[in-house]
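Enquirer: Before I ask anything, let me first share the structure, which is written out below as structure tokens.
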Amino acid sequence: MRRLLVIVAVLLLAVMAGWWWGIPGTGQSEPAPFLGYVEGDAIHTAAKAGGRIVSLDAKEGEDVAADAPLFKLDSESEEAAVSAAAAKLAEAKDQLADLEAAQQRPEEIAILEAERRQAAASLDLARTELERQRRLVAQKTAAQSSLDQAEMTFARDTAALGEAERRIEAGRLAARQGKVDAAKAAVAAAKAELDGAEKTLAERSVAAPAAGRISEVLYRVGEIVPAASPVVKILPPDRIEAWFYVPEGRIAALKPGAGVVLSCDGCPPGLSGTVRFIAPEAEFTPPVIFSRQERAKLVFLVKAAIDRPDAVAPGLPIEVRPR
């Protein structure tokens with residue numbers, strides 16, 4: 001009889017223990033964590049045009065700042081194009097300056113001024129001689145032919161002075177506006193050509209588009225890189241996320257902006273994150289989640305930003321729990 005009472009008591013305690021553990025907040029076991037992994041979305045840096053790598057500053061595993069030099073391609077032809085474009089621009093500017101300035105240079109104007117003064121002096125002498133011959137002819141002491149010769153000389157020197165003055169005036173005139181406008185357009189075209197050549201030359205040197213850790217270097221110095229082919233992969237901290245899978249029966253409890261707690265082998269305690277994306281459609285549990293119980297279930301992919309992305313490495317398996 002006593003033995004029967006002991007058995008009944010043990011069974012009663014077992015029933016009460018089961019009831020106690022089933023009450024929320026009194027010892028109920030926690031729901032299974034969501035399973036996932038750390039994902040890193042690296043930036044693939046490349047040059048627009050192909051070429052041979054002549055210098056490589058990127059080293060795998062090193063942290064780089066934004067705009068830090070990564071690699072450089074050969075640039076002999078691009079440098080030559082810049083030099084040619086610069087020379088063309090300088091020539092176009094000189095031509096424009098010549099057109100906008102007087103047609104004759106100052107030293108040429110000085111020569112014309114000297115010729116005008118000589119013509120003026122010759123005209124004064126011819127005028128004096130003409131007046132003298134007129135008086136002599138009036139006094140009948142000189143022949144008419146002498147007066148005719150003096151008048152012809154005066155007319156010739158008068159024309160010579162006028163010609164000298166017109167040459168000076170023409171030398172000081174600027175070019176016609178149409179030629180000036182064409183020269184300005186040539187300068188603008190040469191400037192655009194130089195800008196394009198300098199941009200192409202600058203593109204032969206590739207810098208880091210963002211701060212991050214160099215995760216992979218795909219080429220080495222001396223190798224030929226095809227156009228737009230990635231050379232260096234950079235993993236910025238804000239591109240390291242937690243990807244995990246939530247069964248369809250529990251997805252309603254998660255919303256974008258919700259906090260989650262992350263744990264893994266080697267992770268620091270208290271690692272957390274914030275949900276930023278929930279897949280709109282369910283899928284079967286992917287093979288990266290090695291769990292027989294979860295493999296046949298429909299799940300939703302959830303992505304969460306990690307508050308300390310430097311504390312985890314891409315590919316690391318993680319367990320996720322709602323905060």
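Each chain in the structure tokens gets a letter, A, B, ..., in the order shown, and its residues are numbered from 1; ligands are numbered from 1 in order too.
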Which residues are close to Gly249 of chain A, i.e. within 12 Å by only C-alpha atoms, leaving aside same-chain residues fewer than 5 positions away? Reply as number ranges by chain.
Expert: A: 31, 254, 282, 297-300
Enquirer: Write a file of the just-selected residues containing N, CA, C and O atoms, as a PDB file, in the first residue's frame.
Expert:
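out30.pdb, freshly written:
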```
ATOM      1  N   PRO A  31      11.489  29.448 -27.589  1.00  0.00           N
ATOM      2  CA  PRO A  31      11.346  28.951 -28.962  1.00  0.00           C
ATOM      3  C   PRO A  31      12.721  28.754 -29.588  1.00  0.00           C
ATOM      4  O   PRO A  31      13.697  29.400 -29.209  1.00  0.00           O
ATOM      5  N   LEU A 254       7.797  39.462 -36.613  1.00  0.00           N
ATOM      6  CA  LEU A 254       8.923  40.311 -37.011  1.00  0.00           C
ATOM      7  C   LEU A 254       8.463  41.378 -37.985  1.00  0.00           C
ATOM      8  O   LEU A 254       7.687  41.106 -38.906  1.00  0.00           O
ATOM      9  N   ALA A 282       7.520  33.228 -49.365  1.00  0.00           N
ATOM     10  CA  ALA A 282       8.172  32.139 -48.637  1.00  0.00           C
ATOM     11  C   ALA A 282       8.918  31.234 -49.610  1.00  0.00           C
ATOM     12  O   ALA A 282       8.647  31.216 -50.813  1.00  0.00           O
ATOM     13  N   LYS A 297      10.428  22.866 -44.203  1.00  0.00           N
ATOM     14  CA  LYS A 297       9.477  23.924 -43.880  1.00  0.00           C
ATOM     15  C   LYS A 297       9.598  25.093 -44.853  1.00  0.00           C
ATOM     16  O   LYS A 297      10.655  25.331 -45.431  1.00  0.00           O
ATOM     17  N   LEU A 298       8.477  25.801 -44.984  1.00  0.00           N
ATOM     18  CA  LEU A 298       8.501  27.058 -45.730  1.00  0.00           C
ATOM     19  C   LEU A 298       8.980  28.165 -44.799  1.00  0.00           C
ATOM     20  O   LEU A 298       8.507  28.297 -43.675  1.00  0.00           O
ATOM     21  N   VAL A 299       9.929  28.966 -45.286  1.00  0.00           N
ATOM     22  CA  VAL A 299      10.511  30.010 -44.453  1.00  0.00           C
ATOM     23  C   VAL A 299      10.591  31.314 -45.252  1.00  0.00           C
ATOM     24  O   VAL A 299      10.481  31.328 -46.484  1.00  0.00           O
ATOM     25  N   PHE A 300      10.781  32.402 -44.526  1.00  0.00           N
ATOM     26  CA  PHE A 300      10.966  33.721 -45.126  1.00  0.00           C
ATOM     27  C   PHE A 300      12.393  34.191 -44.837  1.00  0.00           C
ATOM     28  O   PHE A 300      12.872  34.093 -43.699  1.00  0.00           O
TER      29      PHE A 300
END
```
Enquirer: Determine, for each residue of segment 151-201 of chain A having at least one atom at most 7 Å from an atom of segment 72-78 of chain A, the closest pair of atoms and their separation in Å to one decimal, counting only C-alpha atoms; order by chain and ascending number, as JSON lines.
Expert:
```
{"residue": "A:Ala197", "atom": "CA", "partner": "A:Glu78", "partner_atom": "CA", "distance": 6.8}
{"residue": "A:Thr200", "atom": "CA", "partner": "A:Glu78", "partner_atom": "CA", "distance": 6.8}
{"residue": "A:Leu201", "atom": "CA", "partner": "A:Glu78", "partner_atom": "CA", "distance": 5.3}
```
Enquirer: When distances are computed from only C-alpha atoms, which of A:Cys267, A:Ala42, A:Ala311, A:Ile168 shows the smallest separation from Ala114 of chain A?
Expert: A:Ile168
Enquirer: Can you pull out the residues contacting segment 122-139 of chain A? Cut-off 7 Å, using only C-alpha atoms, and skip same-chain residues under 6 positions away; I want them as a ChimeraX atom specification.
Expert: /A:146-147,150-151,153-154,157-158
Enquirer: Just to confirm, what's the straight-line distance from atom CA of Ala304 of chain A to atom CA of Leu262 of chain A in Å (one decimal)?
Expert: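 Going from atom CA of Ala304 of chain A over to atom CA of Leu262 of chain A covers 10.0 Å.
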Enquirer: Any chance you could tabulate, as JSON lines, the residues of segment 132-220 of chain A at most 8 Å from segment 232-245 of chain A with each one's nearest atom pair and distance in Å to one decimal, using only C-alpha atoms, in chain and rising number order?
Expert:
```
{"residue": "A:Ala208", "atom": "CA", "partner": "A:Ile234", "partner_atom": "CA", "distance": 7.8}
{"residue": "A:Ala210", "atom": "CA", "partner": "A:Pro236", "partner_atom": "CA", "distance": 6.8}
{"residue": "A:Ala211", "atom": "CA", "partner": "A:Pro236", "partner_atom": "CA", "distance": 5.9}
{"residue": "A:Gly212", "atom": "CA", "partner": "A:Pro236", "partner_atom": "CA", "distance": 3.9}
{"residue": "A:Arg213", "atom": "CA", "partner": "A:Leu235", "partner_atom": "CA", "distance": 5.2}
{"residue": "A:Ile214", "atom": "CA", "partner": "A:Ile234", "partner_atom": "CA", "distance": 4.5}
{"residue": "A:Ser215", "atom": "CA", "partner": "A:Lys233", "partner_atom": "CA", "distance": 5.6}
{"residue": "A:Glu216", "atom": "CA", "partner": "A:Lys233", "partner_atom": "CA", "distance": 5.1}
{"residue": "A:Val217", "atom": "CA", "partner": "A:Val232", "partner_atom": "CA", "distance": 4.6}
{"residue": "A:Leu218", "atom": "CA", "partner": "A:Val232", "partner_atom": "CA", "distance": 6.1}
{"residue": "A:Tyr219", "atom": "CA", "partner": "A:Val232", "partner_atom": "CA", "distance": 7.8}
```
Enquirer: Compile the contact shell of segment 82-93 of chain A as a list in words: residues with an atom at most 8 Å away, counting only C-alpha atoms, same-chain residues fewer than 2 positions apart removed.
Expert: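 Within the cut-off, the hits are Glu78, Glu79, Ala80, Gln95, Leu96, Ala97, Ala183, Ala186, Val187, Ala190, Lys191, Glu193, Leu194, Ala197, Glu198 and Leu201 of chain A.
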Enquirer: Create the file for the chosen residues now, containing C-alpha atoms and written as a PDB file, in the first residue's frame.
Expert:
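So part-v6.pdb came out as:
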```pdb
ATOM      1  CA  GLU A  78      46.603  58.727 -72.359  1.00  0.00           C
ATOM      2  CA  GLU A  79      49.450  61.003 -71.233  1.00  0.00           C
ATOM      3  CA  ALA A  80      50.384  61.650 -74.861  1.00  0.00           C
ATOM      4  CA  GLN A  95      45.076  82.507 -82.600  1.00  0.00           C
ATOM      5  CA  LEU A  96      42.175  84.054 -80.724  1.00  0.00           C
ATOM      6  CA  ALA A  97      44.475  86.540 -79.026  1.00  0.00           C
ATOM      7  CA  ALA A 183      38.343  81.335 -82.923  1.00  0.00           C
ATOM      8  CA  ALA A 186      37.909  76.545 -81.545  1.00  0.00           C
ATOM      9  CA  VAL A 187      39.201  77.389 -78.059  1.00  0.00           C
ATOM     10  CA  ALA A 190      40.106  72.382 -77.646  1.00  0.00           C
ATOM     11  CA  LYS A 191      39.315  72.898 -73.939  1.00  0.00           C
ATOM     12  CA  GLU A 193      39.114  67.832 -75.768  1.00  0.00           C
ATOM     13  CA  LEU A 194      41.702  68.502 -73.061  1.00  0.00           C
ATOM     14  CA  ALA A 197      41.817  63.512 -72.217  1.00  0.00           C
ATOM     15  CA  GLU A 198      42.572  64.420 -68.588  1.00  0.00           C
ATOM     16  CA  LEU A 201      44.033  59.681 -67.874  1.00  0.00           C
TER      17      LEU A 201
END
```
Enquirer: Looking at only C-alpha atoms, which of A:Pro322, A:Pro33, A:Pro69, A:Gly315 is the one that sits closest to Gly259 of chain A?
Expert: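 The answer is A:Pro322, which sits nearest to Gly259 of chain A.
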Enquirer: Go through A:Ile43, A:Leu316, A:Ala228, A:Leu301 and flag the residue nearest Ile251 of chain A, using only C-alpha atoms for the distances.
Expert: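 Distance minimum relative to Ile251 of chain A lands on A:Leu301.
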Enquirer: What is the distance, in Å and to one decimal place, between atom CA of Ser272 of chain A and atom CA of Ala252 of chain A?
Expert: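 Separating atom CA of Ser272 of chain A from atom CA of Ala252 of chain A is a distance of 20.0 Å.
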Enquirer: For atom CA of Ala164 of chain A and atom CA of Glu100 of chain A, quote the distance in Å rounded to one decimal.
Expert: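 Computing the Euclidean distance for atom CA of Ala164 of chain A and atom CA of Glu100 of chain A yields 23.1 Å.
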Enquirer: Write down as JSON, numbers by chain the residues belonging to segment 29-153 of chain A that are assigned strand (DSSP E or B) by DSSP computed on the backbone.
Expert: {"A": [34, 35, 36, 37, 38, 39, 40, 43, 44, 45, 51, 52, 53, 54, 55, 56, 63, 64, 69, 70, 71, 72, 73]}
Enquirer: Got time to write the residues from that selection, C-alpha atoms, as a PDB file, in the first residue's frame?
Expert:
```pdb
ATOM      1  CA  PHE A  34      16.247  31.273 -36.240  1.00  0.00           C
ATOM      2  CA  LEU A  35      19.191  29.907 -38.179  1.00  0.00           C
ATOM      3  CA  GLY A  36      21.226  31.850 -40.689  1.00  0.00           C
ATOM      4  CA  TYR A  37      24.646  33.216 -41.547  1.00  0.00           C
ATOM      5  CA  VAL A  38      26.602  36.432 -41.966  1.00  0.00           C
ATOM      6  CA  GLU A  39      26.485  37.786 -45.501  1.00  0.00           C
ATOM      7  CA  GLY A  40      28.920  40.313 -47.005  1.00  0.00           C
ATOM      8  CA  ILE A  43      32.084  46.271 -53.912  1.00  0.00           C
ATOM      9  CA  HIS A  44      33.852  45.204 -57.095  1.00  0.00           C
ATOM     10  CA  THR A  45      36.247  47.951 -58.198  1.00  0.00           C
ATOM     11  CA  GLY A  51      45.220  47.679 -69.673  1.00  0.00           C
ATOM     12  CA  ARG A  52      48.269  46.369 -67.875  1.00  0.00           C
ATOM     13  CA  ILE A  53      48.562  46.878 -64.108  1.00  0.00           C
ATOM     14  CA  VAL A  54      51.694  48.912 -63.322  1.00  0.00           C
ATOM     15  CA  SER A  55      51.125  49.451 -59.593  1.00  0.00           C
ATOM     16  CA  LEU A  56      48.995  47.750 -56.957  1.00  0.00           C
ATOM     17  CA  ASP A  63      41.413  48.285 -44.185  1.00  0.00           C
ATOM     18  CA  VAL A  64      41.348  51.219 -46.606  1.00  0.00           C
ATOM     19  CA  PRO A  69      44.620  54.424 -54.176  1.00  0.00           C
ATOM     20  CA  LEU A  70      44.044  50.793 -55.132  1.00  0.00           C
ATOM     21  CA  PHE A  71      45.763  50.190 -58.474  1.00  0.00           C
ATOM     22  CA  LYS A  72      46.976  51.919 -61.629  1.00  0.00           C
ATOM     23  CA  LEU A  73      47.011  50.877 -65.279  1.00  0.00           C
TER      24      LEU A  73
END
```
Enquirer: Taking only C-alpha atoms into account, name the residue in A:Thr274, A:Gln149, A:Thr141, A:Ser229 that is nearest to Val260 of chain A.
Expert: A:Thr274
Enquirer: Going by DSSP on the backbone, which residues of segment 74-240 of chain A come out as alpha helix (DSSP H)? List them as a PyMOL selection string.
Expert: chain A and resi 76-100+106-138+144-172+177-202
